[in-house]
$ cat coords21.cif   # mmCIF, C-alpha atoms
data_upload
loop_
_atom_site.label_atom_id
_atom_site.label_comp_id
_atom_site.auth_asym_id
_atom_site.auth_seq_id
_atom_site.Cartn_x
_atom_site.Cartn_y
_atom_site.Cartn_z
CA MET A 22 -70.17 5.60 -29.91
CA SER A 23 -71.09 7.23 -33.18
CA PRO A 24 -69.57 5.97 -36.44
CA THR A 25 -67.75 9.27 -36.82
CA ALA A 26 -66.29 9.10 -33.31
CA LYS A 27 -65.34 5.47 -33.84
CA HIS A 28 -63.54 6.33 -37.07
CA MET A 29 -61.67 9.19 -35.41
CA SER A 30 -60.65 6.91 -32.53
CA SER A 31 -59.31 4.24 -34.87
CA THR A 32 -57.36 6.68 -37.03
CA LYS A 33 -55.87 8.67 -34.15
CA PRO A 34 -52.89 6.31 -33.51
CA VAL A 35 -52.15 6.21 -37.23
CA ALA A 36 -52.10 9.99 -37.38
CA ILE A 37 -49.77 10.19 -34.42
CA VAL A 38 -47.36 7.67 -35.95
CA ALA A 39 -47.43 9.54 -39.26
CA ALA A 40 -46.68 12.81 -37.48
CA LEU A 41 -43.76 11.23 -35.62
CA VAL A 42 -42.36 9.81 -38.86
CA LEU A 43 -42.64 13.23 -40.52
CA LEU A 44 -40.94 14.90 -37.57
CA ALA A 45 -38.10 12.36 -37.62
CA CYS A 46 -37.57 12.93 -41.33
CA THR A 47 -37.51 16.68 -40.81
CA LEU A 48 -35.03 16.43 -37.97
CA GLY A 49 -32.91 14.05 -40.00
CA GLN A 50 -32.66 16.67 -42.73
CA SER A 51 -32.11 19.63 -40.42
CA LEU A 52 -29.70 17.93 -37.98
CA PRO A 53 -26.81 16.39 -39.93
CA THR A 54 -24.74 13.58 -38.55
CA ARG A 55 -21.54 14.31 -36.65
CA ALA A 56 -19.51 13.53 -39.79
CA GLN A 57 -21.66 15.85 -41.86
CA ARG A 58 -21.35 18.65 -39.31
CA LYS A 59 -17.60 18.29 -39.35
CA ASP A 60 -17.45 18.43 -43.15
CA ASP A 61 -19.86 21.34 -43.50
CA ALA A 62 -18.43 23.49 -40.67
CA PRO A 63 -16.55 26.61 -41.74
CA GLU A 64 -12.84 25.98 -41.92
CA THR A 65 -10.75 27.49 -39.16
CA ALA A 66 -8.19 30.16 -39.98
CA ALA A 67 -5.34 27.74 -39.24
CA ARG A 68 -6.75 25.15 -41.66
CA LEU A 69 -7.17 27.77 -44.38
CA LEU A 70 -3.62 28.99 -43.83
CA ALA A 71 -2.20 25.47 -44.00
CA ALA A 72 -4.15 24.84 -47.22
CA ALA A 73 -2.95 28.04 -48.94
CA LYS A 74 -1.29 27.46 -52.31
CA SER A 75 -0.49 31.08 -53.11
CA TRP A 76 0.18 34.33 -51.31
CA GLY A 77 0.91 38.04 -51.79
CA TYR A 78 2.79 40.65 -49.79
CA GLN A 79 2.52 44.47 -49.82
CA LEU A 80 3.45 47.04 -47.17
CA GLN A 81 3.53 50.41 -48.94
CA ASN A 82 0.79 52.24 -50.88
CA VAL A 83 -1.85 49.89 -49.48
CA ASP A 84 -5.11 50.26 -51.44
CA PRO A 85 -7.75 47.77 -50.18
CA ASP A 86 -9.72 47.87 -53.43
CA GLU A 87 -6.69 47.01 -55.57
CA ILE A 88 -5.42 44.33 -53.22
CA ALA A 89 -8.89 42.75 -52.91
CA ALA A 90 -8.67 41.99 -56.65
CA ALA A 91 -5.57 39.82 -56.15
CA PRO A 92 -6.19 36.07 -56.55
CA TYR A 93 -4.06 34.85 -53.65
CA ASP A 94 -5.14 32.47 -50.86
CA MET A 95 -3.26 34.47 -48.23
CA ILE A 96 -2.08 38.06 -48.18
CA VAL A 97 0.13 40.12 -45.87
CA VAL A 98 -0.46 43.86 -45.70
CA ASP A 99 0.25 46.70 -43.33
CA TYR A 100 -2.63 47.55 -41.03
CA SER A 101 -2.53 51.09 -42.45
CA ARG A 102 -2.37 52.71 -45.87
CA ASP A 103 0.76 54.64 -44.96
CA GLY A 104 1.78 53.10 -41.64
CA THR A 105 0.04 55.71 -39.51
CA ASN A 106 -2.92 55.16 -37.23
CA ALA A 107 -4.84 57.96 -38.97
CA LEU A 108 -5.05 55.92 -42.16
CA ALA A 109 -5.44 52.49 -40.56
CA LEU A 110 -7.66 50.07 -42.46
CA SER A 111 -11.22 49.85 -41.18
CA ALA A 112 -12.95 46.60 -40.20
CA GLU A 113 -15.05 46.88 -43.36
CA GLU A 114 -11.94 47.18 -45.54
CA VAL A 115 -10.29 44.20 -43.87
CA ALA A 116 -13.48 42.20 -44.37
CA LYS A 117 -13.35 43.05 -48.08
CA LEU A 118 -9.78 41.77 -48.28
CA LYS A 119 -10.87 38.43 -46.82
CA VAL A 120 -12.95 37.66 -49.92
CA LYS A 121 -11.19 36.51 -53.08
CA PRO A 122 -12.50 37.59 -56.49
CA ASP A 123 -14.18 34.19 -56.87
CA GLY A 124 -16.07 34.73 -53.59
CA SER A 125 -14.09 32.23 -51.53
CA ARG A 126 -12.46 33.03 -48.20
CA ARG A 127 -8.83 33.98 -47.83
CA ILE A 128 -6.50 34.71 -44.91
CA VAL A 129 -5.39 38.29 -44.24
CA LEU A 130 -2.41 38.91 -41.95
CA SER A 131 -1.22 42.24 -40.63
CA TYR A 132 2.47 43.08 -40.68
CA LEU A 133 3.87 43.78 -37.22
CA SER A 134 7.52 44.56 -36.51
CA ILE A 135 8.44 43.29 -33.06
CA GLY A 136 12.24 43.56 -33.21
CA GLU A 137 12.43 47.13 -34.49
CA ALA A 138 10.64 50.36 -33.65
CA GLU A 139 9.50 52.51 -36.59
CA THR A 140 9.41 56.29 -36.29
CA TYR A 141 6.25 56.67 -38.43
CA ARG A 142 4.12 54.49 -36.12
CA TYR A 143 1.48 55.91 -33.80
CA TYR A 144 3.46 54.93 -30.70
CA TRP A 145 6.66 56.84 -31.57
CA LYS A 146 7.53 59.98 -29.59
CA TRP A 147 9.77 62.54 -31.23
CA HIS A 148 12.31 62.67 -28.39
CA TRP A 149 12.98 58.93 -28.60
CA GLY A 150 15.35 59.63 -31.48
CA TRP A 151 17.62 61.68 -29.23
CA PHE A 152 20.37 60.10 -27.15
CA PHE A 153 19.16 61.58 -23.85
CA GLY A 154 15.45 61.13 -24.58
CA ARG A 155 15.45 57.55 -25.74
CA PRO A 156 13.69 54.81 -23.76
CA ASP A 157 15.70 51.94 -22.28
CA TRP A 158 14.39 49.55 -24.94
CA ARG A 159 15.60 51.57 -27.93
CA GLY A 160 18.72 50.29 -29.64
CA ARG A 161 20.73 51.37 -32.68
CA GLN A 162 19.23 52.69 -35.89
CA ASN A 163 19.11 50.35 -38.86
CA THR A 164 21.53 51.85 -41.39
CA GLU A 165 19.74 50.18 -44.31
CA TRP A 166 16.25 51.26 -43.23
CA ARG A 167 16.51 54.79 -41.78
CA GLY A 168 13.95 55.55 -39.10
CA ASN A 169 13.94 51.95 -37.84
CA TYR A 170 15.60 51.22 -34.49
CA GLY A 171 16.50 47.88 -33.01
CA VAL A 172 14.79 47.19 -29.70
CA ARG A 173 15.51 45.34 -26.47
CA TYR A 174 12.32 43.39 -26.86
CA TRP A 175 12.54 41.79 -23.43
CA GLU A 176 11.91 45.22 -21.83
CA LYS A 177 8.42 45.52 -20.33
CA ASP A 178 7.73 48.96 -21.80
CA TRP A 179 8.29 47.69 -25.35
CA GLN A 180 6.08 44.67 -24.73
CA ASN A 181 3.35 46.99 -23.42
CA ILE A 182 3.45 48.89 -26.71
CA ILE A 183 3.32 45.78 -28.86
CA PHE A 184 0.94 43.42 -27.08
CA SER A 185 0.46 43.62 -23.32
CA GLY A 186 -0.59 47.21 -22.64
CA ASP A 187 -4.00 48.86 -23.00
CA ASN A 188 -4.94 49.50 -26.64
CA SER A 189 -1.69 47.89 -27.75
CA TYR A 190 -0.57 47.57 -31.35
CA LEU A 191 -1.81 43.96 -31.29
CA GLU A 192 -5.24 44.98 -29.99
CA ARG A 193 -5.64 47.52 -32.77
CA ILE A 194 -4.89 44.82 -35.34
CA ILE A 195 -7.34 42.40 -33.76
CA LYS A 196 -10.10 45.01 -33.55
CA ALA A 197 -9.68 45.71 -37.26
CA GLY A 198 -10.56 42.07 -37.98
CA PHE A 199 -7.27 40.65 -39.27
CA ASP A 200 -6.89 36.86 -39.11
CA GLY A 201 -3.45 37.13 -37.56
CA VAL A 202 -0.08 38.86 -37.49
CA TYR A 203 3.01 38.52 -39.65
CA LEU A 204 5.88 39.21 -37.25
CA ASP A 205 8.93 40.94 -38.70
CA LYS A 206 12.39 41.32 -37.19
CA VAL A 207 12.11 38.15 -35.16
CA ASP A 208 15.75 37.65 -36.15
CA GLU A 209 16.72 40.73 -34.13
CA TYR A 210 17.83 38.25 -31.47
CA VAL A 211 20.98 37.64 -33.55
CA ASP A 212 22.13 41.27 -33.16
CA MET A 213 20.91 41.56 -29.58
CA ALA A 214 22.96 38.52 -28.56
CA LYS A 215 25.93 40.90 -28.49
CA GLU A 216 24.53 42.52 -25.35
CA ASN A 217 22.26 39.78 -23.97
CA LEU A 218 23.42 36.17 -23.92
CA ASN A 219 19.80 35.05 -23.50
CA ALA A 220 18.56 37.04 -26.51
CA ARG A 221 17.44 33.91 -28.38
CA ASP A 222 15.42 32.56 -25.47
CA ARG A 223 13.99 36.02 -24.84
CA MET A 224 12.67 36.19 -28.40
CA VAL A 225 11.06 32.76 -28.10
CA ALA A 226 9.44 33.91 -24.85
CA PHE A 227 8.29 37.15 -26.50
CA VAL A 228 6.53 35.36 -29.37
CA LYS A 229 4.93 32.87 -27.00
CA ALA A 230 3.61 35.66 -24.75
CA LEU A 231 2.30 37.60 -27.75
CA ALA A 232 0.52 34.52 -29.09
CA GLU A 233 -1.03 33.78 -25.72
CA ARG A 234 -2.31 37.34 -25.39
CA ALA A 235 -3.65 37.37 -28.96
CA ARG A 236 -5.56 34.12 -28.54
CA ALA A 237 -6.98 35.28 -25.23
CA LEU A 238 -8.43 38.25 -27.12
CA ARG A 239 -9.53 36.16 -30.12
CA SER A 240 -9.54 32.40 -30.28
CA GLY A 241 -7.69 30.98 -33.27
CA PHE A 242 -5.72 34.16 -34.00
CA LEU A 243 -2.78 33.34 -36.27
CA VAL A 244 0.87 34.05 -35.51
CA VAL A 245 3.29 33.82 -38.45
CA PRO A 246 6.86 35.05 -37.93
CA GLN A 247 9.09 36.17 -40.79
CA ASN A 248 12.67 34.85 -40.89
CA GLY A 249 14.44 33.85 -37.69
CA GLU A 250 14.29 30.21 -38.80
CA GLY A 251 17.08 29.44 -36.34
CA LEU A 252 14.37 29.42 -33.66
CA LEU A 253 12.58 26.50 -35.32
CA THR A 254 14.84 24.03 -33.54
CA ASP A 255 12.84 24.92 -30.40
CA ALA A 256 9.84 22.56 -30.32
CA GLY A 257 7.86 24.92 -28.07
CA TYR A 258 8.34 27.75 -30.55
CA ARG A 259 7.20 25.56 -33.47
CA ALA A 260 4.13 24.58 -31.48
CA VAL A 261 2.97 28.14 -30.82
CA ILE A 262 3.30 29.53 -34.37
CA ASP A 263 1.01 28.75 -37.33
CA GLY A 264 3.50 29.07 -40.18
CA LEU A 265 6.56 31.07 -41.17
CA GLY A 266 7.54 33.55 -43.86
CA LYS A 267 11.05 33.35 -45.27
CA GLU A 268 12.78 36.07 -47.30
CA ASP A 269 15.76 35.49 -49.59
CA LEU A 270 16.02 31.73 -49.17
CA LEU A 271 17.60 31.21 -52.61
CA TYR A 272 18.72 34.69 -53.68
CA GLY A 273 19.74 38.02 -52.17
CA GLU A 274 21.13 36.95 -48.80
CA ASP A 275 24.37 38.86 -49.41
CA LYS A 276 23.68 40.74 -52.64
CA SER A 277 20.38 41.58 -54.32
CA GLN A 278 19.21 38.98 -56.89
CA GLN A 279 22.41 36.98 -56.59
CA PRO A 280 22.36 33.25 -55.67
CA ASN A 281 22.94 32.36 -52.05
CA ASP A 282 25.63 30.02 -50.80
CA PRO A 283 24.43 26.40 -51.32
CA GLU A 284 25.36 25.41 -47.75
CA SER A 285 23.34 28.30 -46.34
CA ILE A 286 20.34 27.24 -48.43
CA LYS A 287 20.71 23.62 -47.30
CA GLU A 288 20.83 24.58 -43.61
CA ASN A 289 17.85 26.92 -43.85
CA VAL A 290 15.74 24.43 -45.79
CA ALA A 291 16.42 21.78 -43.14
CA ARG A 292 15.20 24.16 -40.42
CA LEU A 293 12.14 25.19 -42.38
CA LYS A 294 11.19 21.58 -43.02
CA LEU A 295 10.90 21.08 -39.27
CA LEU A 296 7.79 23.25 -39.56
CA THR A 297 6.30 21.72 -42.70
CA ALA A 298 6.78 18.28 -41.15
CA ALA A 299 4.30 19.43 -38.50
CA GLY A 300 1.79 20.40 -41.20
CA LYS A 301 2.47 24.12 -40.91
CA PRO A 302 3.19 26.17 -44.06
CA VAL A 303 6.29 28.08 -45.09
CA PHE A 304 5.72 31.15 -47.28
CA ALA A 305 8.84 32.07 -49.26
CA VAL A 306 9.38 35.44 -50.91
CA GLU A 307 12.17 36.04 -53.40
CA TYR A 308 12.93 39.53 -54.69
CA LEU A 309 13.64 38.63 -58.31
CA ASP A 310 12.93 40.17 -61.71
CA ALA A 311 14.52 37.87 -64.32
CA PRO A 312 11.99 35.39 -65.80
CA ARG A 313 14.45 32.49 -66.02
CA GLU A 314 15.58 32.82 -62.41
CA ILE A 315 11.99 33.21 -61.23
CA GLU A 316 10.94 30.05 -63.07
CA GLN A 317 13.82 28.06 -61.57
CA ALA A 318 13.21 29.47 -58.09
CA ARG A 319 9.51 28.59 -58.22
CA LYS A 320 10.29 24.98 -59.09
CA ARG A 321 12.82 24.69 -56.28
CA LEU A 322 10.56 26.28 -53.67
CA LEU A 323 7.62 24.07 -54.62
CA GLY A 324 9.96 21.09 -54.51
CA TYR A 325 10.80 21.94 -50.91
CA GLY A 326 7.08 22.10 -50.13
CA PHE A 327 7.04 25.88 -49.65
CA VAL A 328 4.58 28.46 -51.05
CA PRO A 329 6.43 30.92 -53.33
CA TYR A 330 5.84 34.60 -54.05
CA PHE A 331 7.98 37.00 -56.08
CA ALA A 332 8.11 40.71 -55.31
CA ASP A 333 9.93 44.00 -55.63
CA ARG A 334 11.90 44.60 -52.44
CA ALA A 335 10.08 47.89 -51.88
CA LEU A 336 6.85 45.89 -51.39
CA ASP A 337 4.91 48.89 -52.72
CA HIS A 338 2.56 46.86 -54.91
CA MET A 339 1.35 43.29 -55.22
CA ARG A 340 2.35 41.43 -58.34
CA THR A 341 -0.32 39.41 -60.09
CA GLY A 342 1.74 36.48 -61.26
CA ASP A 343 5.46 36.02 -60.81
CA LEU A 344 6.89 38.59 -63.22
CA PRO A 345 7.29 42.31 -62.50
CA ASP A 346 5.03 44.80 -64.26
CA PRO A 347 7.15 46.22 -67.14
CA ASN A 348 5.27 49.52 -66.89
CA ARG A 349 6.22 50.09 -63.25
CA LYS A 350 9.36 51.81 -62.04
CA PRO A 351 11.07 50.15 -59.08
CA GLY A 352 9.90 51.70 -55.83
CA LYS A 353 12.05 52.79 -52.93
CA LYS A 354 12.44 50.34 -50.11
#
$ encode --input "coords21.cif" --output "structure tokens"
Amino acid sequence: MSPTAKHMSSTKPVAIVAALVLLACTLGQSLPTRAQRKDDAPETAARLLAAAKSWGYQLQNVDPDEIAAAPYDMIVVDYSRDGTNALALSAEEVAKLKVKPDGSRRIVLSYLSIGEAETYRYYWKWHWGWFFGRPDWRGRQNTEWRGNYGVRYWEKDWQNIIFSGDNSYLERIIKAGFDGVYLDKVDEYVDMAKENLNARDRMVAFVKALAERARALRSGFLVVPQNGEGLLTDAGYRAVIDGLGKEDLLYGEDKSQQPNDPESIKENVARLKLLTAAGKPVFAVEYLDAPREIEQARKRLLGYGFVPYFADRALDHMRTGDLPDPNRKPGKK
């Protein structure tokens, strides 16, 4: 054997070992440990929602560029600029809303009324407003919000419109890229109990079925009801939702910007804490203007462990900070 061959033969095992060591080092850098993977993985929508320390809420005059500039960790908006399908937000616009001004991720929920039908929505047919042309699910008109009708939400045709039919309202929201839905008029079960003794259970079943359908279409899709905190005593209902929005906890229950009855507040707080005890957030909105009352309300809401937001009842713009813009005229609700 030549000296050169002999040298190559003797150094070959060393080279192989060196290569294996280098490969192991490379893999060690590129393949983090299980703990590292867990820490570095993108946070789920539910974790981001639970971690939110601030939020904003706007349903009218939706301008994605303006709202994207808001600093909040979570925002609730309508899926459309004016409530119609023609001006629905695009997937690109929803994606823009998901990024806070500092570049971090935020949660974006779409408003969805499940206990009332709204005449300006894509699904509404003109003859449904007539007595003889109305569908079986349509109830009485809301005297405070003209053009909104209570619904018998247990009826299959209404559920088809909202979540179970082809190209349902829910599907449109999911396709646009929203993280979840913010369900309004969940408390319609209180009024519907006058004609259906099982109205409460029917609403629980409705929300459960909607959540199941949503998560079949997109894993991890968020479901956050507004109000209807009386349902929180149902453990199955608490399990299926990701949080809850509460209007008028401290003020405005009977009269705008006036303090609520202390016993009513105590009862509602106790129900809401059933949810926070499970690690799920409560987002409270108070429709207040006076700085002193806003300051006191913020302290109380934070003391309960809830996330506060202060708004004009018209919800036609998103406040930056707690106080109303002195240059704005109050909008119409």
$ closest_residue --input "coords21.cif" --among "A:Tyr93, A:Phe152, A:Tyr203, A:Tyr190" --to "Ser131 in chain A" --atoms "only C-alpha atoms"
A:Tyr203
$ residues_around --input "coords21.cif" --residues "Ala237 in chain A" --least-positions-apart "6" --cutoff "12 Å" --atoms "all atoms listed in the file" --output "count of residues only"
8
$ closest_residue --input "coords21.cif" --among "A:Ile315, A:Asp99, A:Trp158, A:Pro302" --to "Ile182 in chain A" --atoms "only C-alpha atoms"
A:Trp158
$ atom_distance --input "coords21.cif" --atom1 "CA of Tyr325 in chain A" --atom2 "CA of Ala67 in chain A"
20.7 Å
$ residues_near_point --input "coords21.cif" --point "(11.8, 25.9, -53.7)" --cutoff "12 Å" --atoms "only C-alpha atoms" --output "tab-separated table (two decimals) with C-alpha atoms, in the frame of the given file"
chain	number	residue	atom	x	y	z
A	267	LYS	CA	11.05	33.35	-45.27
A	269	ASP	CA	15.76	35.49	-49.59
A	270	LEU	CA	16.02	31.73	-49.17
A	271	LEU	CA	17.60	31.21	-52.61
A	272	TYR	CA	18.72	34.69	-53.68
A	286	ILE	CA	20.34	27.24	-48.43
A	287	LYS	CA	20.71	23.62	-47.30
A	289	ASN	CA	17.85	26.92	-43.85
A	290	VAL	CA	15.74	24.43	-45.79
A	293	LEU	CA	12.14	25.19	-42.38
A	294	LYS	CA	11.19	21.58	-43.02
A	303	VAL	CA	6.29	28.08	-45.09
A	304	PHE	CA	5.72	31.15	-47.28
A	305	ALA	CA	8.84	32.07	-49.26
A	306	VAL	CA	9.38	35.44	-50.91
A	307	GLU	CA	12.17	36.04	-53.40
A	314	GLU	CA	15.58	32.82	-62.41
A	315	ILE	CA	11.99	33.21	-61.23
A	316	GLU	CA	10.94	30.05	-63.07
A	317	GLN	CA	13.82	28.06	-61.57
A	318	ALA	CA	13.21	29.47	-58.09
A	319	ARG	CA	9.51	28.59	-58.22
A	320	LYS	CA	10.29	24.98	-59.09
A	321	ARG	CA	12.82	24.69	-56.28
A	322	LEU	CA	10.56	26.28	-53.67
A	323	LEU	CA	7.62	24.07	-54.62
A	324	GLY	CA	9.96	21.09	-54.51
A	325	TYR	CA	10.80	21.94	-50.91
A	326	GLY	CA	7.08	22.10	-50.13
A	327	PHE	CA	7.04	25.88	-49.65
A	328	VAL	CA	4.58	28.46	-51.05
A	329	PRO	CA	6.43	30.92	-53.33
A	330	TYR	CA	5.84	34.60	-54.05
A	331	PHE	CA	7.98	37.00	-56.08
$ atom_distance --input "coords21.cif" --atom1 "CA of Tyr143 in chain A" --atom2 "CA of Gly241 in chain A"
26.6 Å
$ resolve_selection --input "coords21.cif" --expression "the PyMOL selection byres ((chain A and resi 206-223) around 6)" --output "ChimeraX atom specification"
/A:134,136,205,224-226,249
$ write_last_selection --input "coords21.cif" --atoms "C-alpha atoms" --output "PDB file, in the frame of the given file"
ATOM      1  CA  SER A 134       7.520  44.560 -36.510  1.00  0.00           C
ATOM      2  CA  GLY A 136      12.240  43.560 -33.210  1.00  0.00           C
ATOM      3  CA  ASP A 205       8.930  40.940 -38.700  1.00  0.00           C
ATOM      4  CA  MET A 224      12.670  36.190 -28.400  1.00  0.00           C
ATOM      5  CA  VAL A 225      11.060  32.760 -28.100  1.00  0.00           C
ATOM      6  CA  ALA A 226       9.440  33.910 -24.850  1.00  0.00           C
ATOM      7  CA  GLY A 249      14.440  33.850 -37.690  1.00  0.00           C
TER       8      GLY A 249
END
$ atom_distance --input "coords21.cif" --atom1 "CA of Glu87 in chain A" --atom2 "CA of Ala138 in chain A"
28.1 Å
$ closest_residue --input "coords21.cif" --among "A:Gln162, A:Tyr132, A:Val261, A:Thr105" --to "Tyr144 in chain A" --atoms "only C-alpha atoms"
A:Thr105
$ resolve_selection --input "coords21.cif" --expression "the PyMOL selection byres ((chain A and resi 106) around 10)" --output "CSV table (one decimal) with C-alpha atoms, in the frame of the given file"
chain,number,residue,atom,x,y,z
A,100,TYR,CA,-2.6,47.6,-41.0
A,101,SER,CA,-2.5,51.1,-42.4
A,102,ARG,CA,-2.4,52.7,-45.9
A,103,ASP,CA,0.8,54.6,-45.0
A,104,GLY,CA,1.8,53.1,-41.6
A,105,THR,CA,0.0,55.7,-39.5
A,107,ALA,CA,-4.8,58.0,-39.0
A,108,LEU,CA,-5.0,55.9,-42.2
A,109,ALA,CA,-5.4,52.5,-40.6
A,110,LEU,CA,-7.7,50.1,-42.5
A,141,TYR,CA,6.2,56.7,-38.4
A,142,ARG,CA,4.1,54.5,-36.1
A,143,TYR,CA,1.5,55.9,-33.8
A,144,TYR,CA,3.5,54.9,-30.7
A,190,TYR,CA,-0.6,47.6,-31.4
A,193,ARG,CA,-5.6,47.5,-32.8
$ closest_residue --input "coords21.cif" --among "A:Asp86, A:Asp275, A:Glu268, A:Glu288" --to "Gly251 in chain A" --atoms "only C-alpha atoms"
A:Glu288
$ residues_around --input "coords21.cif" --residues "Leu70 in chain A" --least-positions-apart "2" --cutoff "12 Å" --atoms "all atoms listed in the file" --output "MDAnalysis selection string"
chainID A and resid 64:68 72:76 93:97 126:130 200:201 241:245 262:265 300:304 328
$ axis_aligned_box --input "coords21.cif" --around "range 86-101 of chain A" --padding-each-side "4 Å" --output "AutoDock Vina command-line options"
--center_x -4.7 --center_y 41.8 --center_z -48.8 --size_x 18.0 --size_y 26.6 --size_z 23.6
$ residues_around --input "coords21.cif" --residues "Leu204 in chain A" --least-positions-apart "5" --cutoff "6 Å" --atoms "only C-alpha atoms" --output "PyMOL selection string"
chain A and resi 133-134+246-247
$ closest_residue --input "coords21.cif" --among "A:Gln180, A:Asn163, A:Pro345, A:Ala311" --to "Gln278 in chain A" --atoms "all atoms listed in the file"
A:Ala311
$ decode --input "coords21.cif" --residues "range 275-330 of chain A" --atoms "C-alpha atoms" --output "short mmCIF file (atom, residue, chain, number, x, y, z; two decimals), in the first residue's frame"
data_model
loop_
_atom_site.label_atom_id
_atom_site.label_comp_id
_atom_site.auth_asym_id
_atom_site.auth_seq_id
_atom_site.Cartn_x
_atom_site.Cartn_y
_atom_site.Cartn_z
CA ASP A 275 -82.47 50.58 32.61
CA LYS A 276 -81.44 54.09 31.61
CA SER A 277 -78.49 55.28 29.53
CA GLN A 278 -75.37 56.16 31.57
CA GLN A 279 -77.17 55.65 34.87
CA PRO A 280 -75.84 53.20 37.51
CA ASN A 281 -77.37 49.75 37.59
CA ASP A 282 -79.00 48.17 40.61
CA PRO A 283 -76.22 46.80 42.89
CA GLU A 284 -77.97 43.42 43.26
CA SER A 285 -78.21 43.05 39.49
CA ILE A 286 -74.49 43.81 39.17
CA LYS A 287 -73.64 41.31 41.91
CA GLU A 288 -75.66 38.52 40.26
CA ASN A 289 -74.21 39.17 36.81
CA VAL A 290 -70.64 39.36 38.07
CA ALA A 291 -71.08 36.00 39.83
CA ARG A 292 -72.26 34.42 36.56
CA LEU A 293 -69.47 35.97 34.54
CA LYS A 294 -66.85 34.76 37.00
CA LEU A 295 -67.91 31.20 36.24
CA LEU A 296 -66.28 31.78 32.86
CA THR A 297 -63.14 33.57 34.03
CA ALA A 298 -62.62 30.80 36.59
CA ALA A 299 -62.22 28.49 33.59
CA GLY A 300 -59.54 30.77 32.12
CA LYS A 301 -61.86 32.29 29.52
CA PRO A 302 -62.07 36.09 29.15
CA VAL A 303 -64.98 38.45 29.68
CA PHE A 304 -65.00 41.60 27.54
CA ALA A 305 -67.10 44.36 29.11
CA VAL A 306 -68.36 47.39 27.21
CA GLU A 307 -69.85 50.40 28.96
CA TYR A 308 -71.48 53.21 27.01
CA LEU A 309 -70.19 56.12 29.06
CA ASP A 310 -68.92 59.64 28.35
CA ALA A 311 -68.11 61.23 31.73
CA PRO A 312 -64.39 60.94 32.63
CA ARG A 313 -64.99 60.35 36.34
CA GLU A 314 -67.50 57.56 35.78
CA ILE A 315 -65.28 55.98 33.13
CA GLU A 316 -62.29 56.00 35.49
CA GLN A 317 -64.32 54.38 38.28
CA ALA A 318 -65.87 51.83 35.92
CA ARG A 319 -62.47 50.82 34.55
CA LYS A 320 -61.14 50.15 38.04
CA ARG A 321 -64.17 48.07 38.96
CA LEU A 322 -64.12 46.02 35.75
CA LEU A 323 -60.41 45.31 36.07
CA GLY A 324 -61.00 44.36 39.69
CA TYR A 325 -63.51 41.75 38.56
CA GLY A 326 -60.92 40.39 36.13
CA PHE A 327 -62.76 41.63 33.02
CA VAL A 328 -61.37 43.49 29.98
CA PRO A 329 -63.01 46.94 29.70
CA TYR A 330 -63.89 49.07 26.68
#
